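Have a look at start.csv; it's CSV, C-alpha atoms:
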```
chain,number,residue,atom,x,y,z
X,1,MET,CA,59.7,63.7,-57.1
X,2,ILE,CA,58.3,60.7,-58.8
X,3,LYS,CA,57.7,58.3,-55.9
X,4,TYR,CA,58.6,54.6,-56.3
X,5,LEU,CA,55.2,53.7,-54.9
X,6,ASP,CA,52.6,56.3,-53.8
X,7,LEU,CA,50.3,54.3,-51.5
X,8,LYS,CA,48.2,57.3,-50.6
X,9,ALA,CA,47.5,58.0,-54.3
X,10,ILE,CA,46.7,54.3,-55.0
X,11,ASN,CA,44.3,54.1,-52.0
X,12,ASN,CA,42.6,57.4,-52.9
X,13,LYS,CA,41.2,55.7,-56.0
X,14,PHE,CA,38.9,53.7,-53.7
X,15,ASN,CA,36.0,54.5,-51.4
X,16,LEU,CA,37.8,53.0,-48.4
X,17,SER,CA,36.3,55.3,-45.9
X,18,ASN,CA,32.8,53.9,-46.3
X,19,ALA,CA,34.1,50.4,-46.3
X,20,ILE,CA,35.9,51.0,-43.0
X,21,LYS,CA,32.9,52.9,-41.5
X,22,ASP,CA,30.5,50.1,-42.4
X,23,THR,CA,32.8,47.7,-40.6
X,24,LEU,CA,33.1,49.9,-37.5
X,25,ASP,CA,29.4,50.3,-37.4
X,26,SER,CA,28.9,46.6,-37.6
X,27,GLY,CA,30.4,46.1,-34.1
X,28,CYS,CA,32.1,42.9,-35.4
X,29,TYR,CA,35.9,43.1,-35.9
X,30,LEU,CA,37.1,39.5,-36.2
X,31,PHE,CA,35.7,36.5,-38.0
X,32,GLY,CA,32.6,38.4,-39.2
X,33,LYS,CA,30.8,38.9,-42.5
X,34,LYS,CA,33.6,40.7,-44.2
X,35,ILE,CA,36.1,37.9,-43.6
X,36,GLU,CA,33.5,35.4,-44.8
X,37,GLU,CA,32.9,37.4,-47.9
X,38,PHE,CA,36.5,38.0,-48.7
X,39,GLU,CA,37.4,34.4,-48.3
X,40,LYS,CA,34.6,33.4,-50.7
X,41,GLU,CA,35.5,36.1,-53.2
X,42,TRP,CA,39.3,35.4,-53.2
X,43,ALA,CA,38.7,31.7,-53.6
X,44,LYS,CA,36.5,32.4,-56.5
X,45,TYR,CA,39.0,34.8,-58.1
X,46,CYS,CA,41.9,32.4,-57.6
X,47,LYS,CA,39.7,29.5,-59.0
X,48,VAL,CA,40.0,27.3,-55.9
X,49,LYS,CA,37.5,25.8,-53.5
X,50,TYR,CA,38.9,27.2,-50.3
X,51,CYS,CA,40.5,30.4,-49.0
X,52,ILE,CA,41.6,30.8,-45.4
X,53,SER,CA,42.6,34.3,-44.3
X,54,CYS,CA,45.4,34.9,-41.8
X,55,GLY,CA,47.6,37.6,-40.3
X,56,ASN,CA,50.2,38.0,-43.0
X,57,GLY,CA,52.1,36.3,-45.8
X,58,LEU,CA,54.8,34.7,-43.7
X,59,ASN,CA,52.1,33.2,-41.5
X,60,ALA,CA,50.3,31.9,-44.6
X,61,LEU,CA,53.5,30.0,-45.6
X,62,GLU,CA,54.1,28.8,-42.0
X,63,LEU,CA,50.6,27.5,-41.6
X,64,ILE,CA,50.7,25.5,-44.8
X,65,ILE,CA,54.0,23.9,-43.9
X,66,LYS,CA,52.8,23.2,-40.3
X,67,ALA,CA,49.6,21.7,-41.6
X,68,PHE,CA,51.5,19.1,-43.7
X,69,ASP,CA,53.2,18.0,-40.5
X,70,PHE,CA,56.5,17.0,-42.1
X,71,PRO,CA,59.0,15.1,-39.9
X,72,LYS,CA,61.5,17.4,-38.1
X,73,GLU,CA,64.7,18.0,-40.1
X,74,SER,CA,62.9,17.3,-43.4
X,75,GLU,CA,64.1,19.3,-46.4
X,76,ILE,CA,62.1,21.8,-48.5
X,77,ILE,CA,63.7,23.0,-51.7
X,78,VAL,CA,63.4,26.8,-52.2
X,79,ALA,CA,64.8,29.4,-54.5
X,80,ALA,CA,68.0,31.1,-53.2
X,81,ASN,CA,66.9,34.5,-54.6
X,82,THR,CA,63.6,34.7,-52.8
X,83,TYR,CA,62.8,37.1,-50.0
X,84,ILE,CA,63.9,35.8,-46.6
X,85,ALA,CA,60.3,35.3,-45.4
X,86,THR,CA,60.0,32.3,-47.8
X,87,ILE,CA,62.9,30.6,-46.1
X,88,LEU,CA,61.9,31.7,-42.6
X,89,ALA,CA,58.6,29.8,-43.1
X,90,ILE,CA,60.7,26.6,-43.5
X,91,SER,CA,63.1,27.0,-40.7
X,92,ASN,CA,60.5,28.4,-38.3
X,93,ASN,CA,58.8,25.0,-38.6
X,94,GLY,CA,62.0,23.1,-37.7
X,95,LEU,CA,62.7,22.1,-41.2
X,96,ILE,CA,65.7,22.5,-43.4
X,97,PRO,CA,65.7,25.0,-46.4
X,98,VAL,CA,67.7,23.7,-49.4
X,99,LEU,CA,68.5,26.6,-51.6
X,100,VAL,CA,68.8,26.4,-55.4
X,101,GLU,CA,69.5,28.9,-58.2
X,102,PRO,CA,66.9,30.6,-60.3
X,103,LYS,CA,66.3,30.7,-64.1
X,104,THR,CA,67.0,34.0,-66.0
X,105,ASN,CA,63.4,35.2,-65.3
X,106,TYR,CA,64.1,35.0,-61.5
X,107,THR,CA,62.0,31.9,-60.8
X,108,ILE,CA,63.2,28.7,-59.4
X,109,ASP,CA,65.0,26.5,-61.9
X,110,PRO,CA,63.3,23.0,-62.3
X,111,ASP,CA,66.6,21.5,-63.4
X,112,GLU,CA,68.2,22.7,-60.1
X,113,ILE,CA,65.3,21.3,-58.1
X,114,GLU,CA,65.8,17.9,-59.6
X,115,LYS,CA,69.5,17.9,-58.6
X,116,ALA,CA,68.7,18.9,-55.0
X,117,ILE,CA,66.2,16.2,-54.2
X,118,THR,CA,67.3,13.7,-51.5
X,119,ASP,CA,65.6,11.1,-49.4
X,120,ASN,CA,64.8,13.8,-46.9
X,121,THR,CA,63.1,16.1,-49.3
X,122,LYS,CA,59.4,16.5,-48.6
X,123,ALA,CA,58.3,19.6,-50.6
X,124,ILE,CA,59.1,22.2,-53.1
X,125,LEU,CA,58.3,25.8,-52.2
X,126,VAL,CA,58.2,28.1,-55.3
X,127,THR,CA,58.1,31.9,-55.4
X,128,HIS,CA,56.6,33.8,-58.3
X,129,LEU,CA,59.1,36.5,-57.8
X,130,TYR,CA,58.5,40.0,-59.0
X,131,GLY,CA,55.2,38.8,-60.6
X,132,TYR,CA,56.8,36.2,-62.9
X,133,PRO,CA,55.1,32.8,-62.8
X,134,CYS,CA,57.2,29.7,-62.2
X,135,ASP,CA,57.3,26.8,-64.6
X,136,MET,CA,54.6,25.0,-62.6
X,137,ASP,CA,53.9,22.2,-65.2
X,138,LYS,CA,57.5,21.0,-65.0
X,139,ILE,CA,57.7,21.5,-61.2
X,140,ASN,CA,54.5,19.6,-60.6
X,141,ASP,CA,55.8,16.7,-62.8
X,142,ILE,CA,59.0,16.6,-60.7
X,143,ALA,CA,57.0,16.6,-57.5
X,144,ALA,CA,54.6,13.9,-58.6
X,145,PHE,CA,57.5,11.6,-59.7
X,146,HIS,CA,59.2,12.0,-56.3
X,147,ASN,CA,56.0,12.2,-54.2
X,148,LEU,CA,56.6,15.7,-53.0
X,149,LYS,CA,54.2,18.5,-51.9
X,150,VAL,CA,54.3,21.8,-53.8
X,151,ILE,CA,53.6,25.1,-52.2
X,152,GLU,CA,53.3,28.5,-54.0
X,153,ASP,CA,54.6,31.7,-52.5
X,154,CYS,CA,52.2,34.1,-54.2
X,155,ALA,CA,53.1,37.2,-52.2
X,156,GLN,CA,54.1,39.0,-55.4
X,157,ALA,CA,51.8,37.2,-57.8
X,158,HIS,CA,48.2,38.4,-57.3
X,159,GLY,CA,46.2,37.6,-60.3
X,160,ILE,CA,48.6,35.9,-62.6
X,161,ILE,CA,46.8,33.8,-65.2
X,162,TYR,CA,48.8,30.7,-66.0
X,163,LYS,CA,48.5,29.3,-69.5
X,164,GLY,CA,45.2,31.1,-70.1
X,165,ILE,CA,43.2,29.1,-67.5
X,166,LYS,CA,44.4,28.8,-64.0
X,167,ARG,CA,45.6,31.5,-61.6
X,168,THR,CA,48.4,31.5,-59.1
X,169,GLY,CA,47.3,30.1,-55.8
X,170,SER,CA,45.5,27.2,-57.6
X,171,LEU,CA,48.5,25.6,-59.3
X,172,CYS,CA,49.6,23.0,-56.7
X,173,ASP,CA,48.8,21.8,-53.2
X,174,ALA,CA,48.4,25.2,-51.6
X,175,GLY,CA,49.2,28.9,-52.2
X,176,ALA,CA,50.2,31.6,-49.7
X,177,PHE,CA,49.4,35.3,-50.3
X,178,SER,CA,50.5,38.5,-48.6
X,179,PHE,CA,48.4,41.6,-48.8
X,180,TYR,CA,51.1,43.9,-47.4
X,181,PRO,CA,50.3,47.5,-48.4
X,182,SER,CA,52.8,47.6,-51.3
X,183,LYS,CA,51.4,44.5,-53.1
X,184,ASN,CA,49.4,44.7,-56.3
X,185,LEU,CA,46.4,44.0,-54.0
X,186,GLY,CA,47.4,45.6,-50.7
X,187,ALA,CA,45.6,46.1,-47.4
X,188,LEU,CA,46.0,49.0,-45.0
X,189,GLY,CA,48.3,46.9,-42.8
X,190,ASP,CA,49.4,43.3,-42.6
X,191,ALA,CA,47.1,40.5,-44.0
X,192,GLY,CA,47.5,37.2,-45.7
X,193,ALA,CA,45.6,34.2,-47.0
X,194,ILE,CA,46.0,30.5,-48.0
X,195,THR,CA,44.3,29.0,-51.1
X,196,THR,CA,43.8,25.3,-51.8
X,197,ASN,CA,41.5,22.7,-53.2
X,198,ASN,CA,42.3,20.3,-50.4
X,199,LYS,CA,39.4,20.3,-47.9
X,200,GLU,CA,41.3,18.4,-45.2
X,201,LEU,CA,44.2,20.8,-45.5
X,202,ALA,CA,41.9,23.9,-45.4
X,203,ASP,CA,40.0,22.6,-42.3
X,204,LYS,CA,43.3,22.0,-40.5
X,205,ILE,CA,44.7,25.4,-41.4
X,206,ARG,CA,41.5,27.1,-40.2
X,207,LYS,CA,42.1,25.5,-36.8
X,208,LEU,CA,45.8,26.2,-36.7
X,209,ARG,CA,45.4,29.9,-37.4
X,210,ASN,CA,43.1,30.2,-34.3
X,211,TYR,CA,45.1,28.6,-31.6
X,212,GLY,CA,44.4,25.1,-33.0
X,213,MET,CA,40.8,25.4,-31.9
X,214,ALA,CA,38.3,22.9,-33.2
X,215,SER,CA,35.3,24.4,-31.4
X,216,LYS,CA,35.0,26.9,-28.6
X,217,ASN,CA,37.6,26.0,-25.9
X,218,ILE,CA,38.4,22.7,-27.6
X,219,PHE,CA,41.9,22.6,-29.0
X,220,GLU,CA,42.8,19.9,-31.5
X,221,TYR,CA,46.3,21.2,-32.4
X,222,LYS,CA,49.0,23.4,-31.0
X,223,GLY,CA,48.2,26.4,-33.1
X,224,THR,CA,48.9,30.0,-33.4
X,225,ASN,CA,47.1,33.4,-33.5
X,226,SER,CA,47.0,34.6,-37.1
X,227,ARG,CA,43.8,36.3,-38.0
X,228,MET,CA,42.9,38.9,-40.7
X,229,ASP,CA,40.6,41.6,-39.2
X,230,GLU,CA,37.3,42.7,-40.6
X,231,ILE,CA,38.7,46.2,-41.6
X,232,GLN,CA,41.4,44.6,-43.8
X,233,ALA,CA,38.9,42.3,-45.4
X,234,ALA,CA,36.6,45.2,-46.1
X,235,VAL,CA,39.5,47.1,-47.7
X,236,LEU,CA,40.6,44.2,-49.8
X,237,LEU,CA,37.1,43.5,-51.0
X,238,GLU,CA,36.9,47.1,-52.3
X,239,LYS,CA,40.3,47.0,-53.9
X,240,MET,CA,39.8,43.6,-55.5
X,241,LYS,CA,37.5,45.3,-58.0
X,242,ASP,CA,40.4,47.0,-59.6
X,243,LEU,CA,43.1,44.3,-59.4
X,244,ASP,CA,42.9,43.2,-63.0
X,245,ASN,CA,43.1,46.8,-64.2
X,246,GLU,CA,46.1,47.5,-61.9
X,247,ASN,CA,47.9,44.5,-63.4
X,248,LYS,CA,47.0,45.5,-66.9
X,249,LYS,CA,48.5,49.0,-66.3
X,250,ARG,CA,51.6,47.5,-64.9
X,251,LYS,CA,52.1,45.3,-68.0
X,252,LEU,CA,51.7,48.3,-70.3
X,253,ILE,CA,54.3,50.3,-68.3
X,254,ALA,CA,56.7,47.3,-68.3
X,255,LYS,CA,56.3,46.9,-72.1
X,256,LYS,CA,57.0,50.6,-72.6
X,257,TYR,CA,60.2,50.4,-70.5
X,258,ILE,CA,61.4,47.3,-72.3
X,259,ASP,CA,60.7,48.8,-75.7
X,260,ASN,CA,62.3,52.2,-75.0
X,261,ILE,CA,65.1,51.9,-72.5
X,262,LYS,CA,68.2,51.7,-74.6
X,263,ASN,CA,71.1,52.4,-72.3
X,264,PRO,CA,73.9,49.8,-72.9
X,265,LYS,CA,74.9,49.8,-69.2
X,266,ILE,CA,71.5,48.5,-68.2
X,267,GLN,CA,70.1,44.9,-68.6
X,268,LEU,CA,66.4,44.7,-68.9
X,269,PRO,CA,64.2,41.8,-67.7
X,270,GLU,CA,62.5,39.4,-70.0
X,271,PHE,CA,59.0,40.5,-71.1
X,272,ASP,CA,56.4,37.9,-70.2
X,273,THR,CA,52.7,38.6,-70.9
X,274,LYS,CA,51.8,36.5,-67.8
X,275,CYS,CA,53.9,38.6,-65.5
X,276,ILE,CA,52.0,41.1,-63.3
X,277,TRP,CA,55.1,43.2,-62.6
X,278,HIS,CA,54.9,43.6,-58.8
X,279,VAL,CA,58.4,44.8,-59.4
X,280,PHE,CA,60.0,46.0,-62.6
X,281,PRO,CA,63.7,45.1,-62.1
X,282,ILE,CA,66.6,46.4,-64.2
X,283,HIS,CA,70.2,45.4,-63.7
X,284,CYS,CA,73.3,47.6,-63.6
X,285,GLU,CA,76.8,46.9,-62.4
X,286,GLN,CA,76.9,50.5,-61.1
X,287,ARG,CA,73.6,50.1,-59.4
X,288,ASN,CA,74.2,52.6,-56.5
X,289,GLU,CA,75.5,55.3,-58.8
X,290,LEU,CA,72.5,54.9,-61.1
X,291,LYS,CA,70.1,55.0,-58.1
X,292,GLN,CA,71.6,58.2,-56.9
X,293,TYR,CA,71.6,59.7,-60.4
X,294,LEU,CA,67.9,58.9,-60.7
X,295,TYR,CA,67.1,60.3,-57.3
X,296,ASP,CA,68.9,63.6,-58.1
X,297,LYS,CA,66.8,63.8,-61.2
X,298,GLY,CA,63.6,63.4,-59.2
X,299,ILE,CA,63.0,59.6,-59.6
X,300,GLU,CA,62.7,57.4,-56.6
X,301,THR,CA,63.7,53.7,-57.0
X,302,ALA,CA,64.0,50.7,-54.7
X,303,ILE,CA,66.3,47.6,-54.4
X,304,HIS,CA,64.8,44.1,-54.1
X,305,TYR,CA,66.9,43.1,-52.3
X,306,PRO,CA,70.4,44.2,-51.2
X,307,ILE,CA,71.7,41.1,-49.3
X,308,PRO,CA,70.6,37.5,-50.3
X,309,PRO,CA,69.3,35.2,-47.5
X,310,HIS,CA,72.3,32.9,-47.5
X,311,LEU,CA,74.6,35.8,-46.7
X,312,GLN,CA,72.5,37.0,-43.8
X,313,LYS,CA,73.7,36.4,-40.3
X,314,ALA,CA,70.4,34.7,-39.5
X,315,TYR,CA,71.4,31.9,-41.9
X,316,GLU,CA,75.0,31.3,-41.1
X,317,GLU,CA,74.2,27.6,-40.8
X,318,LEU,CA,73.8,27.4,-44.6
X,319,ASN,CA,77.7,27.6,-44.6
X,320,ILE,CA,77.8,30.5,-47.1
X,321,LYS,CA,77.6,28.4,-50.2
X,322,ILE,CA,78.1,30.5,-53.3
X,323,TYR,CA,75.1,31.1,-55.5
X,324,PRO,CA,76.5,33.2,-58.4
X,325,LYS,CA,73.2,33.8,-60.2
X,326,THR,CA,71.4,34.8,-57.0
X,327,GLU,CA,74.3,37.1,-55.9
X,328,TRP,CA,74.4,38.8,-59.3
X,329,ILE,CA,70.7,39.5,-59.1
X,330,TYR,CA,71.1,41.0,-55.6
X,331,ASN,CA,74.2,43.0,-56.4
X,332,THR,CA,72.8,44.6,-59.6
X,333,GLU,CA,69.0,44.8,-59.2
X,334,LEU,CA,67.2,48.2,-59.2
X,335,SER,CA,63.4,48.5,-59.3
X,336,LEU,CA,61.8,51.3,-61.3
X,337,PRO,CA,58.4,52.8,-60.5
X,338,CYS,CA,55.7,50.6,-62.1
X,339,ASN,CA,52.1,51.1,-60.9
X,340,SER,CA,48.8,52.6,-62.0
X,341,THR,CA,49.4,56.1,-60.5
X,342,LEU,CA,52.1,56.9,-63.0
X,343,THR,CA,51.3,59.2,-65.8
X,344,ASP,CA,52.5,58.9,-69.4
X,345,GLU,CA,54.6,62.0,-68.9
X,346,GLU,CA,56.3,60.5,-65.8
X,347,ILE,CA,57.0,57.2,-67.6
X,348,ASN,CA,58.5,59.0,-70.6
X,349,TYR,CA,60.6,61.1,-68.3
X,350,ILE,CA,62.0,58.0,-66.5
X,351,ILE,CA,62.9,56.5,-69.8
X,352,LYS,CA,64.6,59.7,-71.0
X,353,VAL,CA,66.6,60.1,-67.8
X,354,ILE,CA,67.8,56.5,-67.9
X,355,ASN,CA,68.8,56.7,-71.5
X,356,THR,CA,70.9,59.9,-70.9
X,357,TRP,CA,72.8,58.4,-68.0
X,358,ILE,CA,76.5,57.9,-69.0
```
What would the structure in this file look like if it were written as structure tokens?
Amino acid sequence: MIKYLDLKAINNKFNLSNAIKDTLDSGCYLFGKKIEEFEKEWAKYCKVKYCISCGNGLNALELIIKAFDFPKESEIIVAANTYIATILAISNNGLIPVLVEPKTNYTIDPDEIEKAITDNTKAILVTHLYGYPCDMDKINDIAAFHNLKVIEDCAQAHGIIYKGIKRTGSLCDAGAFSFYPSKNLGALGDAGAITTNNKELADKIRKLRNYGMASKNIFEYKGTNSRMDEIQAAVLLEKMKDLDNENKKRKLIAKKYIDNIKNPKIQLPEFDTKCIWHVFPIHCEQRNELKQYLYDKGIETAIHYPIPPHLQKAYEELNIKIYPKTEWIYNTELSLPCNSTLTDEEINYIIKVINTWI
């Protein structure tokens, strides 16, 4: 069986045992040297001044929004086709998510953002979904004109280079990263981080992630407990060394799929040299049948995602507005294996099997 994602094989490429043992031997498991080093190195990699580690990607988004201290019931514009965590970060802060449709490359449509802005809009929350970068120049121009904050959900966007210079996480007011194990840069459990060039925002988020503590037993804000541990930082530091190579391999696989999959029943994604292909999505009206066929032929796939947020019971208050582009994506999307553990033989086999499906 060709696994959709073999985390054991991915992690076996690294000397993680020594990194973990060194951390255990240090006797310091929270807010130690590994966290300090990771925050420094991730900030440098993302080309920002500040990185604040935290417990997971959802917390990263929540902390950014909380730190901005928007008035209750303020609106934040977000893509309808994002993962539910992006929207939860808004509603968990007592704010209102305003969903808009994506472009054909799965990223939020700037024209739809413009239409959705009201007097209550305070921010735009963009998601670089599947590893595609959003149109940040246009989005930032819209935000500047309307005096809005812009937040990047970079959970699927580790290492994207935008227009040859900047990286995701540095393209607006603040960026939120998840290091969930399946990400292009994944920890051995949950972990997250916030990136920004805003010192005041960074200082506030550092306090908010640790109960709102300004100094020992002195609490400036009503915060939360969201801390990356030293072991996850040690693992991420080790795996960071290979992130650009991992992204390069994924791009090569994606290009090979797009150049060689020729089944008329299947719609392929747009190829974008900036995309780091956290997910390689194809679309098929008979998605479930194709998924079963591939599994029977020894190929494991995944679905990102089966039910859109606006149709989930958790968001009944959104009044089940119809989002045709989003619903088409959710109803037809199937993710093919796309990571550095795949061999050329496996990639060729996947292509052959897809092309012979009738």
Just to confirm, what's the straight-line distance from atom CA of X:Ala89 to atom CA of X:Ile52 in Å (one decimal)? 17.2 Å
How would you write as a PyMOL selection string the residues that get within 10 Å of (71.6, 44.8, -57.9) in the file's frame, counting all atoms listed in the file? chain X and resi 281-288+303-307+327-335
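Taking atom CA of X:Gly186 as the reference point, atom CA of X:Arg250 is found at 14.9 Å.
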Find the residues near X:Ile76: any atom within 12 Å, counting all atoms listed in the file, skip ones fewer than 6 places away on the same chain, and give them as an mmCIF file with C-alpha atoms, keeping the file's coordinate frame.
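What follows is the written file part-v6.cif:
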```
data_model
loop_
_atom_site.group_PDB
_atom_site.id
_atom_site.type_symbol
_atom_site.label_atom_id
_atom_site.label_comp_id
_atom_site.auth_asym_id
_atom_site.auth_seq_id
_atom_site.Cartn_x
_atom_site.Cartn_y
_atom_site.Cartn_z
ATOM 1 C CA ILE X 65 54.000 23.900 -43.900
ATOM 2 C CA PHE X 68 51.500 19.100 -43.700
ATOM 3 C CA PHE X 70 56.500 17.000 -42.100
ATOM 4 C CA THR X 86 60.000 32.300 -47.800
ATOM 5 C CA ILE X 87 62.900 30.600 -46.100
ATOM 6 C CA LEU X 88 61.900 31.700 -42.600
ATOM 7 C CA ALA X 89 58.600 29.800 -43.100
ATOM 8 C CA ILE X 90 60.700 26.600 -43.500
ATOM 9 C CA SER X 91 63.100 27.000 -40.700
ATOM 10 C CA ASN X 93 58.800 25.000 -38.600
ATOM 11 C CA GLY X 94 62.000 23.100 -37.700
ATOM 12 C CA LEU X 95 62.700 22.100 -41.200
ATOM 13 C CA ILE X 96 65.700 22.500 -43.400
ATOM 14 C CA PRO X 97 65.700 25.000 -46.400
ATOM 15 C CA VAL X 98 67.700 23.700 -49.400
ATOM 16 C CA LEU X 99 68.500 26.600 -51.600
ATOM 17 C CA VAL X 100 68.800 26.400 -55.400
ATOM 18 C CA ILE X 113 65.300 21.300 -58.100
ATOM 19 C CA ALA X 116 68.700 18.900 -55.000
ATOM 20 C CA ILE X 117 66.200 16.200 -54.200
ATOM 21 C CA THR X 118 67.300 13.700 -51.500
ATOM 22 C CA ASP X 119 65.600 11.100 -49.400
ATOM 23 C CA ASN X 120 64.800 13.800 -46.900
ATOM 24 C CA THR X 121 63.100 16.100 -49.300
ATOM 25 C CA LYS X 122 59.400 16.500 -48.600
ATOM 26 C CA ALA X 123 58.300 19.600 -50.600
ATOM 27 C CA ILE X 124 59.100 22.200 -53.100
ATOM 28 C CA LEU X 125 58.300 25.800 -52.200
ATOM 29 C CA VAL X 126 58.200 28.100 -55.300
ATOM 30 C CA ALA X 143 57.000 16.600 -57.500
ATOM 31 C CA LEU X 148 56.600 15.700 -53.000
ATOM 32 C CA LYS X 149 54.200 18.500 -51.900
ATOM 33 C CA VAL X 150 54.300 21.800 -53.800
ATOM 34 C CA ILE X 151 53.600 25.100 -52.200
#
```
One residue among X:Lys325, X:Lys274, X:Lys313, X:Lys166 is nearest to X:Ala254 when using only C-alpha atoms, and that residue is X:Lys274
At most 9 Å is the cut-off: for each residue in stretch 95-204 of chain X with any atom that close to an atom of stretch 5-21 of chain X, write down the nearest atom pair and the distance in Å rounded to one decimal, counting only C-alpha atoms, chain first then increasing number, as a Markdown table.
```
| residue | atom | partner | partner_atom | distance |
| --- | --- | --- | --- | --- |
| X:Pro181 | CA | X:Leu7 | CA | 7.5 |
| X:Ser182 | CA | X:Leu7 | CA | 7.2 |
| X:Leu188 | CA | X:Asn11 | CA | 8.8 |
```
So that I can see what lies close to X:Lys321, please list as an MDAnalysis selection string the residues with an atom at most 12 Å from it, counting only C-alpha atoms and leaving out residues fewer than 5 positions away in the same chain. chainID X and resid 80 98:101 308:312 315:316 326:327
Of the residues X:Tyr293, X:Glu37, X:Tyr323, X:Cys338, which is the one nearest to X:Leu252, using only C-alpha atoms? X:Cys338
Determine the nearest neighbour of X:Glu41 from the options X:Val353, X:Ile358, X:Ile299, X:Leu237, counting all atoms listed in the file. X:Leu237
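Using only C-alpha atoms, the nearest neighbour of X:Lys241 within the list X:Leu290, X:Ile266, X:Thr168, X:Leu185 is X:Leu185.
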Hey, which of X:Tyr106, X:Pro71, X:Ile347, X:Ala193 ends up closest to X:Lys40? Count only C-alpha atoms. X:Ala193
X:Lys49 surroundings by all atoms listed in the file, 7 Å radius, close-in-sequence under 3 positions cut, as a ChimeraX atom specification: /X:43,196-197
Nearest to X:Asn105: which of X:Gly298, X:Pro269, X:Pro324, X:Gly55 is it, counting all atoms listed in the file? X:Pro269
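For the pair atom CA of X:Lys222 and atom CA of X:Phe179, the interatomic distance is 25.5 Å.
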Quick one: residues within 7 Å of (50.3, 36.0, -44.3) (file frame), counting all atoms listed in the file, please, as a count of residues only. 14
Can you patch up stretch 138-152 of chain X, filling it in to N, CA and C atoms, and show the result as a compact mmCIF listing (two decimals), keeping the file's coordinate frame?
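Result file is part_13.txt:
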```txt
# COMPACT_ATOMS: atom_id res chain seq x y z
N LYS X 138 56.31 21.79 -65.17
CA LYS X 138 57.50 21.00 -65.00
C LYS X 138 57.75 20.70 -63.50
N ILE X 139 57.53 21.70 -62.65
CA ILE X 139 57.70 21.50 -61.20
C ILE X 139 56.76 20.49 -60.64
N ASN X 140 55.50 20.57 -61.05
CA ASN X 140 54.50 19.60 -60.60
C ASN X 140 54.83 18.19 -61.06
N ASP X 141 55.39 18.07 -62.27
CA ASP X 141 55.80 16.70 -62.80
C ASP X 141 56.92 16.17 -61.92
N ILE X 142 57.88 17.01 -61.57
CA ILE X 142 59.00 16.60 -60.70
C ILE X 142 58.45 16.12 -59.36
N ALA X 143 57.55 16.92 -58.80
CA ALA X 143 57.00 16.60 -57.50
C ALA X 143 56.19 15.31 -57.51
N ALA X 144 55.42 15.12 -58.55
CA ALA X 144 54.60 13.90 -58.60
C ALA X 144 55.53 12.66 -58.74
N PHE X 145 56.60 12.76 -59.51
CA PHE X 145 57.50 11.60 -59.70
C PHE X 145 58.19 11.26 -58.35
N HIS X 146 58.50 12.29 -57.53
CA HIS X 146 59.20 12.00 -56.30
C HIS X 146 58.30 12.06 -55.06
N ASN X 147 56.98 12.15 -55.30
CA ASN X 147 56.00 12.20 -54.20
C ASN X 147 56.23 13.31 -53.24
N LEU X 148 56.36 14.53 -53.76
CA LEU X 148 56.60 15.70 -53.00
C LEU X 148 55.40 16.66 -53.00
N LYS X 149 55.23 17.43 -51.94
CA LYS X 149 54.20 18.50 -51.90
C LYS X 149 54.81 19.71 -52.65
N VAL X 150 53.92 20.53 -53.21
CA VAL X 150 54.30 21.80 -53.80
C VAL X 150 53.53 22.92 -53.21
N ILE X 151 54.24 23.96 -52.80
CA ILE X 151 53.60 25.10 -52.20
C ILE X 151 54.01 26.36 -52.99
N GLU X 152 53.03 27.21 -53.25
CA GLU X 152 53.30 28.50 -54.00
C GLU X 152 53.41 29.63 -53.00
```
